[in-house]
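Novice: Data: input18.cif, mmCIF, C-alpha atoms and all ligand atoms.
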```cif
data_data
loop_
_atom_site.group_PDB
_atom_site.id
_atom_site.type_symbol
_atom_site.label_atom_id
_atom_site.label_comp_id
_atom_site.auth_asym_id
_atom_site.auth_seq_id
_atom_site.Cartn_x
_atom_site.Cartn_y
_atom_site.Cartn_z
ATOM 1 C CA MET Q 1 -41.225 48.327 -4.233
ATOM 2 C CA THR Q 2 -44.994 47.910 -4.523
ATOM 3 C CA MET Q 3 -46.241 46.902 -7.966
ATOM 4 C CA LYS Q 4 -48.338 49.506 -9.769
ATOM 5 C CA LEU Q 5 -51.146 48.644 -12.175
ATOM 6 C CA TYR Q 6 -52.114 51.284 -14.713
ATOM 7 C CA TYR Q 7 -55.703 50.541 -15.701
ATOM 8 C CA GLY Q 8 -58.667 52.004 -17.568
ATOM 9 C CA THR Q 9 -62.059 51.641 -15.859
ATOM 10 C CA GLY Q 10 -63.974 48.591 -17.118
ATOM 11 C CA SER Q 11 -61.446 47.970 -19.895
ATOM 12 C CA CYS Q 12 -59.305 44.930 -20.644
ATOM 13 C CA SER Q 13 -57.028 45.766 -17.681
ATOM 14 C CA LEU Q 14 -59.823 44.423 -15.461
ATOM 15 C CA LEU Q 15 -58.334 40.968 -16.084
ATOM 16 C CA VAL Q 16 -55.075 42.001 -14.410
ATOM 17 C CA HIS Q 17 -56.968 43.593 -11.531
ATOM 18 C CA MET Q 18 -58.855 40.327 -10.962
ATOM 19 C CA VAL Q 19 -55.681 38.210 -11.078
ATOM 20 C CA LEU Q 20 -53.793 40.535 -8.700
ATOM 21 C CA GLU Q 21 -56.686 40.236 -6.258
ATOM 22 C CA GLU Q 22 -56.937 36.451 -6.729
ATOM 23 C CA ILE Q 23 -53.293 35.948 -5.740
ATOM 24 C CA GLY Q 24 -53.486 38.444 -2.888
ATOM 25 C CA ALA Q 25 -50.706 40.630 -4.309
ATOM 26 C CA THR Q 26 -49.731 43.926 -2.734
ATOM 27 C CA PHE Q 27 -50.189 46.549 -5.412
ATOM 28 C CA GLU Q 28 -51.337 50.050 -6.145
ATOM 29 C CA SER Q 29 -53.908 50.893 -8.854
ATOM 30 C CA VAL Q 30 -53.412 53.986 -10.984
ATOM 31 C CA LYS Q 31 -56.350 55.026 -13.148
ATOM 32 C CA VAL Q 32 -55.638 56.178 -16.694
ATOM 33 C CA ASP Q 33 -58.514 58.276 -18.033
ATOM 34 C CA LEU Q 34 -59.076 56.614 -21.416
ATOM 35 C CA ALA Q 35 -62.055 58.821 -22.313
ATOM 36 C CA ALA Q 36 -59.894 61.924 -21.859
ATOM 37 C CA GLY Q 37 -57.080 60.365 -23.931
ATOM 38 C CA GLU Q 38 -54.596 60.279 -21.038
ATOM 39 C CA GLN Q 39 -53.119 57.084 -22.505
ATOM 40 C CA ARG Q 40 -51.821 59.042 -25.494
ATOM 41 C CA GLY Q 41 -50.172 61.762 -23.388
ATOM 42 C CA GLU Q 42 -46.441 62.054 -22.905
ATOM 43 C CA ALA Q 43 -46.557 61.115 -19.203
ATOM 44 C CA TYR Q 44 -48.299 57.783 -19.805
ATOM 45 C CA ARG Q 45 -46.320 56.979 -22.946
ATOM 46 C CA ALA Q 46 -43.204 57.142 -20.791
ATOM 47 C CA ILE Q 47 -44.699 54.148 -18.916
ATOM 48 C CA ASN Q 48 -46.156 52.313 -21.925
ATOM 49 C CA ALA Q 49 -45.009 53.632 -25.294
ATOM 50 C CA LYS Q 50 -47.935 51.779 -26.936
ATOM 51 C CA GLY Q 51 -50.339 54.209 -25.269
ATOM 52 C CA LYS Q 52 -52.595 51.426 -24.001
ATOM 53 C CA VAL Q 53 -53.585 49.892 -20.696
ATOM 54 C CA PRO Q 54 -52.707 47.738 -18.870
ATOM 55 C CA ALA Q 55 -49.144 48.332 -17.785
ATOM 56 C CA LEU Q 56 -47.756 46.710 -14.662
ATOM 57 C CA VAL Q 57 -44.727 48.349 -13.083
ATOM 58 C CA THR Q 58 -42.818 45.721 -11.104
ATOM 59 C CA PRO Q 59 -39.472 45.644 -9.283
ATOM 60 C CA GLU Q 60 -38.093 43.876 -12.377
ATOM 61 C CA GLY Q 61 -39.395 46.412 -14.896
ATOM 62 C CA THR Q 62 -42.582 47.292 -16.712
ATOM 63 C CA LEU Q 63 -44.701 44.619 -18.355
ATOM 64 C CA THR Q 64 -47.505 45.230 -20.847
ATOM 65 C CA GLU Q 65 -50.010 42.951 -22.650
ATOM 66 C CA CYS Q 66 -52.686 41.303 -20.526
ATOM 67 C CA VAL Q 67 -51.712 37.746 -21.380
ATOM 68 C CA ALA Q 68 -48.022 38.235 -20.573
ATOM 69 C CA ILE Q 69 -48.819 40.024 -17.314
ATOM 70 C CA VAL Q 70 -51.286 37.478 -15.936
ATOM 71 C CA GLU Q 71 -49.159 34.491 -16.970
ATOM 72 C CA TRP Q 72 -46.140 36.023 -15.208
ATOM 73 C CA LEU Q 73 -48.137 36.796 -12.067
ATOM 74 C CA LEU Q 74 -49.712 33.335 -11.862
ATOM 75 C CA ASP Q 75 -46.545 31.386 -12.667
ATOM 76 C CA ARG Q 76 -44.626 33.326 -10.036
ATOM 77 C CA HIS Q 77 -47.345 32.853 -7.491
ATOM 78 C CA GLY Q 78 -47.047 29.118 -8.019
ATOM 79 C CA ASP Q 79 -49.784 27.727 -5.868
ATOM 80 C CA ASN Q 80 -53.007 28.664 -7.631
ATOM 81 C CA ALA Q 81 -55.863 26.893 -9.356
ATOM 82 C CA LEU Q 82 -56.264 29.509 -12.083
ATOM 83 C CA LEU Q 83 -53.386 28.486 -14.314
ATOM 84 C CA PRO Q 84 -52.279 24.854 -14.510
ATOM 85 C CA LYS Q 85 -48.541 24.094 -14.494
ATOM 86 C CA PRO Q 86 -46.488 24.638 -17.695
ATOM 87 C CA GLY Q 87 -46.239 21.529 -19.844
ATOM 88 C CA THR Q 88 -49.528 20.008 -18.711
ATOM 89 C CA TRP Q 89 -52.445 19.363 -21.058
ATOM 90 C CA ALA Q 90 -54.697 21.417 -18.770
ATOM 91 C CA ARG Q 91 -52.332 24.381 -19.230
ATOM 92 C CA ALA Q 92 -52.431 23.986 -23.016
ATOM 93 C CA LYS Q 93 -56.249 23.867 -23.059
ATOM 94 C CA THR Q 94 -56.490 26.951 -20.803
ATOM 95 C CA MET Q 95 -54.049 28.848 -23.038
ATOM 96 C CA GLU Q 96 -55.991 27.717 -26.111
ATOM 97 C CA GLN Q 97 -59.049 29.524 -24.732
ATOM 98 C CA VAL Q 98 -56.999 32.548 -23.689
ATOM 99 C CA ALA Q 99 -55.519 32.729 -27.203
ATOM 100 C CA THR Q 100 -58.985 32.595 -28.766
ATOM 101 C CA LEU Q 101 -60.082 35.533 -26.657
ATOM 102 C CA ALA Q 102 -56.896 37.519 -27.273
ATOM 103 C CA THR Q 103 -56.439 36.891 -30.980
ATOM 104 C CA GLU Q 104 -59.947 36.195 -32.299
ATOM 105 C CA VAL Q 105 -62.407 38.012 -30.069
ATOM 106 C CA HIS Q 106 -60.423 41.107 -29.046
ATOM 107 C CA PRO Q 107 -59.767 42.113 -32.695
ATOM 108 C CA LEU Q 108 -63.534 42.066 -33.276
ATOM 109 C CA PHE Q 109 -63.885 44.562 -30.457
ATOM 110 C CA ASN Q 110 -61.272 46.699 -32.202
ATOM 111 C CA ARG Q 111 -63.597 46.905 -35.212
ATOM 112 C CA PHE Q 112 -66.440 47.917 -32.925
ATOM 113 C CA PHE Q 113 -64.570 50.455 -30.776
ATOM 114 C CA HIS Q 114 -61.894 51.725 -33.176
ATOM 115 C CA GLU Q 115 -63.572 51.758 -36.586
ATOM 116 C CA GLY Q 116 -61.546 54.880 -37.433
ATOM 117 C CA ASP Q 117 -58.396 52.723 -37.547
ATOM 118 C CA PHE Q 118 -59.723 50.879 -40.612
ATOM 119 C CA SER Q 119 -60.542 53.681 -43.033
ATOM 120 C CA ASP Q 120 -60.762 57.458 -43.314
ATOM 121 C CA GLU Q 121 -64.124 57.143 -45.035
ATOM 122 C CA LYS Q 122 -67.151 57.466 -42.775
ATOM 123 C CA PRO Q 123 -69.393 54.934 -44.607
ATOM 124 C CA VAL Q 124 -66.590 52.343 -44.492
ATOM 125 C CA GLN Q 125 -66.067 53.032 -40.783
ATOM 126 C CA ALA Q 126 -69.808 52.586 -40.153
ATOM 127 C CA ALA Q 127 -69.760 49.269 -42.026
ATOM 128 C CA VAL Q 128 -66.686 48.044 -40.129
ATOM 129 C CA LYS Q 129 -68.356 48.910 -36.823
ATOM 130 C CA SER Q 130 -71.676 47.262 -37.603
ATOM 131 C CA HIS Q 131 -70.055 44.129 -39.083
ATOM 132 C CA GLY Q 132 -67.834 43.937 -35.994
ATOM 133 C CA ALA Q 133 -70.857 44.281 -33.692
ATOM 134 C CA ARG Q 134 -72.769 41.576 -35.591
ATOM 135 C CA LYS Q 135 -69.863 39.148 -35.419
ATOM 136 C CA ILE Q 136 -69.237 39.678 -31.706
ATOM 137 C CA SER Q 137 -72.939 39.417 -30.899
ATOM 138 C CA ALA Q 138 -73.123 36.146 -32.844
ATOM 139 C CA TRP Q 139 -70.060 34.864 -30.975
ATOM 140 C CA PHE Q 140 -71.568 35.730 -27.575
ATOM 141 C CA ALA Q 141 -74.901 34.126 -28.547
ATOM 142 C CA GLN Q 142 -73.016 30.945 -29.494
ATOM 143 C CA GLN Q 143 -71.110 30.977 -26.176
ATOM 144 C CA ASP Q 144 -74.359 31.515 -24.287
ATOM 145 C CA ALA Q 145 -75.999 28.568 -26.050
ATOM 146 C CA SER Q 146 -73.100 26.213 -25.303
ATOM 147 C CA LEU Q 147 -72.458 27.347 -21.721
ATOM 148 C CA ALA Q 148 -73.794 24.251 -20.041
ATOM 149 C CA GLY Q 149 -71.723 23.974 -16.835
ATOM 150 C CA ASP Q 150 -70.922 26.508 -14.155
ATOM 151 C CA TRP Q 151 -67.896 27.986 -15.905
ATOM 152 C CA TRP Q 152 -67.221 29.106 -19.464
ATOM 153 C CA SER Q 153 -63.974 27.115 -19.510
ATOM 154 C CA GLY Q 154 -65.829 23.873 -18.799
ATOM 155 C CA ALA Q 155 -63.473 23.309 -15.842
ATOM 156 C CA ARG Q 156 -64.718 22.268 -12.401
ATOM 157 C CA GLU Q 157 -63.365 25.438 -10.788
ATOM 158 C CA PRO Q 158 -62.841 28.761 -12.571
ATOM 159 C CA VAL Q 159 -59.543 29.160 -14.409
ATOM 160 C CA LEU Q 160 -57.771 32.070 -16.079
ATOM 161 C CA SER Q 161 -59.849 31.830 -19.253
ATOM 162 C CA ASP Q 162 -63.035 32.329 -17.187
ATOM 163 C CA LEU Q 163 -61.660 35.585 -15.821
ATOM 164 C CA TYR Q 164 -60.584 36.547 -19.333
ATOM 165 C CA PHE Q 165 -64.043 35.734 -20.693
ATOM 166 C CA ARG Q 166 -65.494 37.893 -17.945
ATOM 167 C CA ARG Q 167 -63.290 40.738 -19.111
ATOM 168 C CA ASP Q 168 -64.469 40.439 -22.714
ATOM 169 C CA ARG Q 169 -67.996 40.195 -21.482
ATOM 170 C CA ALA Q 170 -67.362 43.554 -19.759
ATOM 171 C CA LEU Q 171 -66.627 45.033 -23.177
ATOM 172 C CA GLY Q 172 -69.724 43.248 -24.513
ATOM 173 C CA ARG Q 173 -71.986 45.392 -22.337
ATOM 174 C CA TRP Q 174 -71.858 47.972 -25.113
ATOM 175 C CA LEU Q 175 -73.522 45.654 -27.619
ATOM 176 C CA ASP Q 176 -77.214 45.776 -28.434
ATOM 177 C CA PRO Q 177 -78.574 43.623 -26.837
ATOM 178 C CA PRO Q 178 -75.818 43.639 -24.177
ATOM 179 C CA ALA Q 179 -73.890 40.355 -23.897
ATOM 180 C CA THR Q 180 -74.276 40.677 -20.124
ATOM 181 C CA ARG Q 181 -77.954 39.855 -20.314
ATOM 182 C CA LEU Q 182 -77.780 36.590 -22.251
ATOM 183 C CA PRO Q 183 -79.261 34.087 -19.754
ATOM 184 C CA ASN Q 184 -76.397 31.593 -19.323
ATOM 185 C CA ILE Q 185 -73.759 34.306 -19.452
ATOM 186 C CA GLU Q 186 -75.660 36.332 -16.861
ATOM 187 C CA ALA Q 187 -75.775 33.294 -14.550
ATOM 188 C CA PHE Q 188 -72.036 32.728 -15.124
ATOM 189 C CA LEU Q 189 -71.336 36.371 -14.194
ATOM 190 C CA ASN Q 190 -73.376 36.094 -11.029
ATOM 191 C CA ARG Q 191 -71.454 32.952 -10.059
ATOM 192 C CA LEU Q 192 -68.104 34.593 -10.746
ATOM 193 C CA ALA Q 193 -69.085 37.680 -8.741
ATOM 194 C CA THR Q 194 -69.411 35.520 -5.624
ATOM 195 C CA ARG Q 195 -65.616 35.261 -5.632
ATOM 196 C CA PRO Q 196 -64.337 37.855 -3.157
ATOM 197 C CA ALA Q 197 -61.324 38.642 -5.383
ATOM 198 C CA VAL Q 198 -63.574 39.461 -8.338
ATOM 199 C CA SER Q 199 -65.768 41.725 -6.179
ATOM 200 C CA ARG Q 200 -62.672 43.496 -4.866
ATOM 201 C CA ALA Q 201 -61.397 44.090 -8.425
ATOM 202 C CA LEU Q 202 -64.774 45.523 -9.481
ATOM 203 C CA ALA Q 203 -64.847 47.725 -6.376
ATOM 204 C CA ARG Q 204 -61.337 49.031 -7.083
ATOM 205 C CA GLU Q 205 -62.486 50.146 -10.523
ATOM 206 C CA GLY Q 206 -65.766 51.494 -9.136
ATOM 207 C CA ILE Q 207 -67.858 49.317 -11.452
ATOM 208 C CA THR Q 208 -70.652 46.840 -10.850
ATOM 209 C CA LEU Q 209 -71.377 43.449 -12.324
ATOM 210 C CA PHE Q 210 -73.314 44.846 -15.241
ATOM 211 C CA SER Q 211 -71.798 48.291 -15.699
HETATM 212 N N1 LIG S 301 -53.087 43.691 -26.707
HETATM 213 C C1 LIG S 301 -53.312 44.562 -25.590
HETATM 214 C C2 LIG S 301 -54.530 45.395 -25.875
HETATM 215 C C3 LIG S 301 -54.596 46.577 -24.948
HETATM 216 C C4 LIG S 301 -55.780 47.472 -25.301
HETATM 217 O O1 LIG S 301 -56.363 47.385 -26.386
HETATM 218 N N2 LIG S 301 -56.131 48.342 -24.356
HETATM 219 C C5 LIG S 301 -57.220 49.249 -24.568
HETATM 220 C C6 LIG S 301 -58.259 49.119 -23.456
HETATM 221 S S1 LIG S 301 -59.135 47.567 -23.584
HETATM 222 C C7 LIG S 301 -56.695 50.664 -24.550
HETATM 223 O O2 LIG S 301 -55.799 51.001 -23.801
HETATM 224 N N3 LIG S 301 -57.281 51.492 -25.387
HETATM 225 C C8 LIG S 301 -56.959 52.878 -25.434
HETATM 226 C C9 LIG S 301 -56.674 53.355 -26.811
HETATM 227 O O3 LIG S 301 -56.540 52.501 -27.727
HETATM 228 O O4 LIG S 301 -56.570 54.571 -26.993
HETATM 229 C C10 LIG S 301 -53.504 43.748 -24.295
HETATM 230 O O5 LIG S 301 -54.110 42.663 -24.362
HETATM 231 O O6 LIG S 301 -53.041 44.176 -23.237
#
```
Go ahead and render the structure in this file as structure tokens.
Specialist:
Amino acid sequence: MTMKLYYGTGSCSLLVHMVLEEIGATFESVKVDLAAGEQRGEAYRAINAKGKVPALVTPEGTLTECVAIVEWLLDRHGDNALLPKPGTWARAKTMEQVATLATEVHPLFNRFFHEGDFSDEKPVQAAVKSHGARKISAWFAQQDASLAGDWWSGAREPVLSDLYFRRDRALGRWLDPPATRLPNIEAFLNRLATRPAVSRALAREGITLFS
């Protein structure tokens, strides 16, 4: 059975797309139209009851949550430079960065994109959204200022957290000014886009480096 990735264009599922391409997996991509609310429909909820992308349907069952999916894929693939072996310090430091993105940065995006989840009152929603935007913009500016080497992770070659950072950067294109155009981050993105697997993932979703 071929694995099937349910994704939303340019959303957090891009991370899984990039990892599947990096390991050369055989898989099929199925687009879920997030703008049309397809993720909340009965058909998609039968695949992922949480009504969110990504979901990866595998011969062993269906897996959700970006971090769980990419860790499973990379550990199974074994021979890859993206995720160091379990139990090593390098693995712990990579997962430390992944955890920051998943548990600190992604919730800020929730404030920005889903302000309606925080209050029924419009002025409160507006404040949640603008505070969220300010905090994420400040975070990206800080990352841009400290991005001294080739990769966000600080590693010699890109690792999983670089791909994850690239995914969050994709969400950051909606900020004003867009996080994509901060000088060191822009250079990082251009470097990452030279990886054939990353280009293939972008092409599958029909998006470009800065869209
Ligand atoms: N914790 C989940 C978050 C998944 C998530 O927030 N997915 C978003 C796209 S980035 C989504 O499906 N949003 C649609 C919605 O909330 O209606 C993960 O990391 O996989």
Novice: Is it possible to get the axis-aligned box enclosing region 177-196 of chain Q (all listed atoms, 3 Å extra per side) as JSON, with centre and edge lengths in Å rounded to one decimal?
Specialist:
```
{"center_x": -71.8, "center_y": 37.6, "center_z": -15.0, "size_x": 20.9, "size_y": 18.0, "size_z": 29.7}
```
Novice: Pull out every residue that the PyMOL selection byres (((not hetatm)) within 8 of (chain S and resi 301)) matches in the shown coordinates and put them as a ChimeraX atom specification.
Specialist: /Q:8,11-13,34,37,39-40,51-55,64-67,102,106,110,114,171
Novice: Taking only C-alpha atoms into account, which of Q:Ala145, Q:Val98, Q:Leu175, Q:Val70 comes nearest Lys129 (chain Q)?
Specialist: Q:Leu175
Novice: List the residues matched by the PyMOL selection byres (((chain Q and resi 203) around 12) and not hetatm) in the displayed structure as number ranges by chain, ordered by chain and then by residue number.
Specialist: Q: 9-10, 14, 17-18, 21, 29, 193, 196-202, 204-209, 211
Novice: Interatomic distance between CA of Leu15 (chain Q) and CA of Gly61 (chain Q)?
Specialist: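 If I compute the distance from CA of Leu15 (chain Q) to CA of Gly61 (chain Q), I get 19.7 Å.
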Novice: Written as an MDAnalysis selection string, what is the full residue list that the PyMOL selection byres (((chain Q and resi 109) around 10) and not hetatm) yields on the file shown?
Specialist: chainID Q and resid 104:108 110:115 129 132:133 135:136 168 171:172
Novice: Contacts of Glu186 (chain Q) at 12 Å or less, counting only C-alpha atoms, minus same-chain residues fewer than 6 places along, as number ranges by chain?
Specialist: Q: 140-141, 143-144, 147, 150-152, 166, 169-170, 172-173, 178-180, 192-193, 209-210
Novice: Just C-alpha atoms for this one: save the residues we selected as a PDB file, in the frame of the given file.
Specialist:
```pdb
ATOM      1  CA  PHE Q 140     -71.568  35.730 -27.575  1.00  0.00           C
ATOM      2  CA  ALA Q 141     -74.901  34.126 -28.547  1.00  0.00           C
ATOM      3  CA  GLN Q 143     -71.110  30.977 -26.176  1.00  0.00           C
ATOM      4  CA  ASP Q 144     -74.359  31.515 -24.287  1.00  0.00           C
ATOM      5  CA  LEU Q 147     -72.458  27.347 -21.721  1.00  0.00           C
ATOM      6  CA  ASP Q 150     -70.922  26.508 -14.155  1.00  0.00           C
ATOM      7  CA  TRP Q 151     -67.896  27.986 -15.905  1.00  0.00           C
ATOM      8  CA  TRP Q 152     -67.221  29.106 -19.464  1.00  0.00           C
ATOM      9  CA  ARG Q 166     -65.494  37.893 -17.945  1.00  0.00           C
ATOM     10  CA  ARG Q 169     -67.996  40.195 -21.482  1.00  0.00           C
ATOM     11  CA  ALA Q 170     -67.362  43.554 -19.759  1.00  0.00           C
ATOM     12  CA  GLY Q 172     -69.724  43.248 -24.513  1.00  0.00           C
ATOM     13  CA  ARG Q 173     -71.986  45.392 -22.337  1.00  0.00           C
ATOM     14  CA  PRO Q 178     -75.818  43.639 -24.177  1.00  0.00           C
ATOM     15  CA  ALA Q 179     -73.890  40.355 -23.897  1.00  0.00           C
ATOM     16  CA  THR Q 180     -74.276  40.677 -20.124  1.00  0.00           C
ATOM     17  CA  LEU Q 192     -68.104  34.593 -10.746  1.00  0.00           C
ATOM     18  CA  ALA Q 193     -69.085  37.680  -8.741  1.00  0.00           C
ATOM     19  CA  LEU Q 209     -71.377  43.449 -12.324  1.00  0.00           C
ATOM     20  CA  PHE Q 210     -73.314  44.846 -15.241  1.00  0.00           C
TER      21      PHE Q 210
END
```
Novice: Could you build a table of the residues in region 52-95 of chain Q lying no more than 10 Å from region 155-158 of chain Q, giving for each the nearest pair of atoms and their separation in Å rounded to one decimal place, using all atoms listed in the file, ordered by chain and ascending residue number, as JSON lines?
Specialist:
```
{"residue": "Q:Ala81", "atom": "CA", "partner": "Q:Glu157", "partner_atom": "CA", "distance": 7.8}
{"residue": "Q:Leu82", "atom": "CA", "partner": "Q:Pro158", "partner_atom": "CA", "distance": 6.6}
{"residue": "Q:Leu83", "atom": "CA", "partner": "Q:Pro158", "partner_atom": "CA", "distance": 9.6}
{"residue": "Q:Ala90", "atom": "CA", "partner": "Q:Ala155", "partner_atom": "CA", "distance": 9.4}
{"residue": "Q:Thr94", "atom": "CA", "partner": "Q:Ala155", "partner_atom": "CA", "distance": 9.3}
```
Novice: To one decimal in Å, tell me the separation between CA of Leu101 (chain Q) and CA of Ser153 (chain Q).
Specialist: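 Interatomic distance here is 11.7 Å.
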Novice: Could you jot down the CA of Leu56 (chain Q) to CA of Ile69 (chain Q) separation for me, Å, one decimal place?
Specialist: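 A separation of 7.3 Å between them.
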Novice: Write out as a list in words the residues lying within 12 Å of Arg76 (chain Q), counting all atoms listed in the file and excluding same-chain residues fewer than 2 positions away.
Specialist: Leu20, Ile23, Ala25, Ile69, Val70, Glu71, Trp72, Leu73, Leu74, Gly78, Asp79, Asn80, Leu83, Lys85 and Pro86 of chain Q
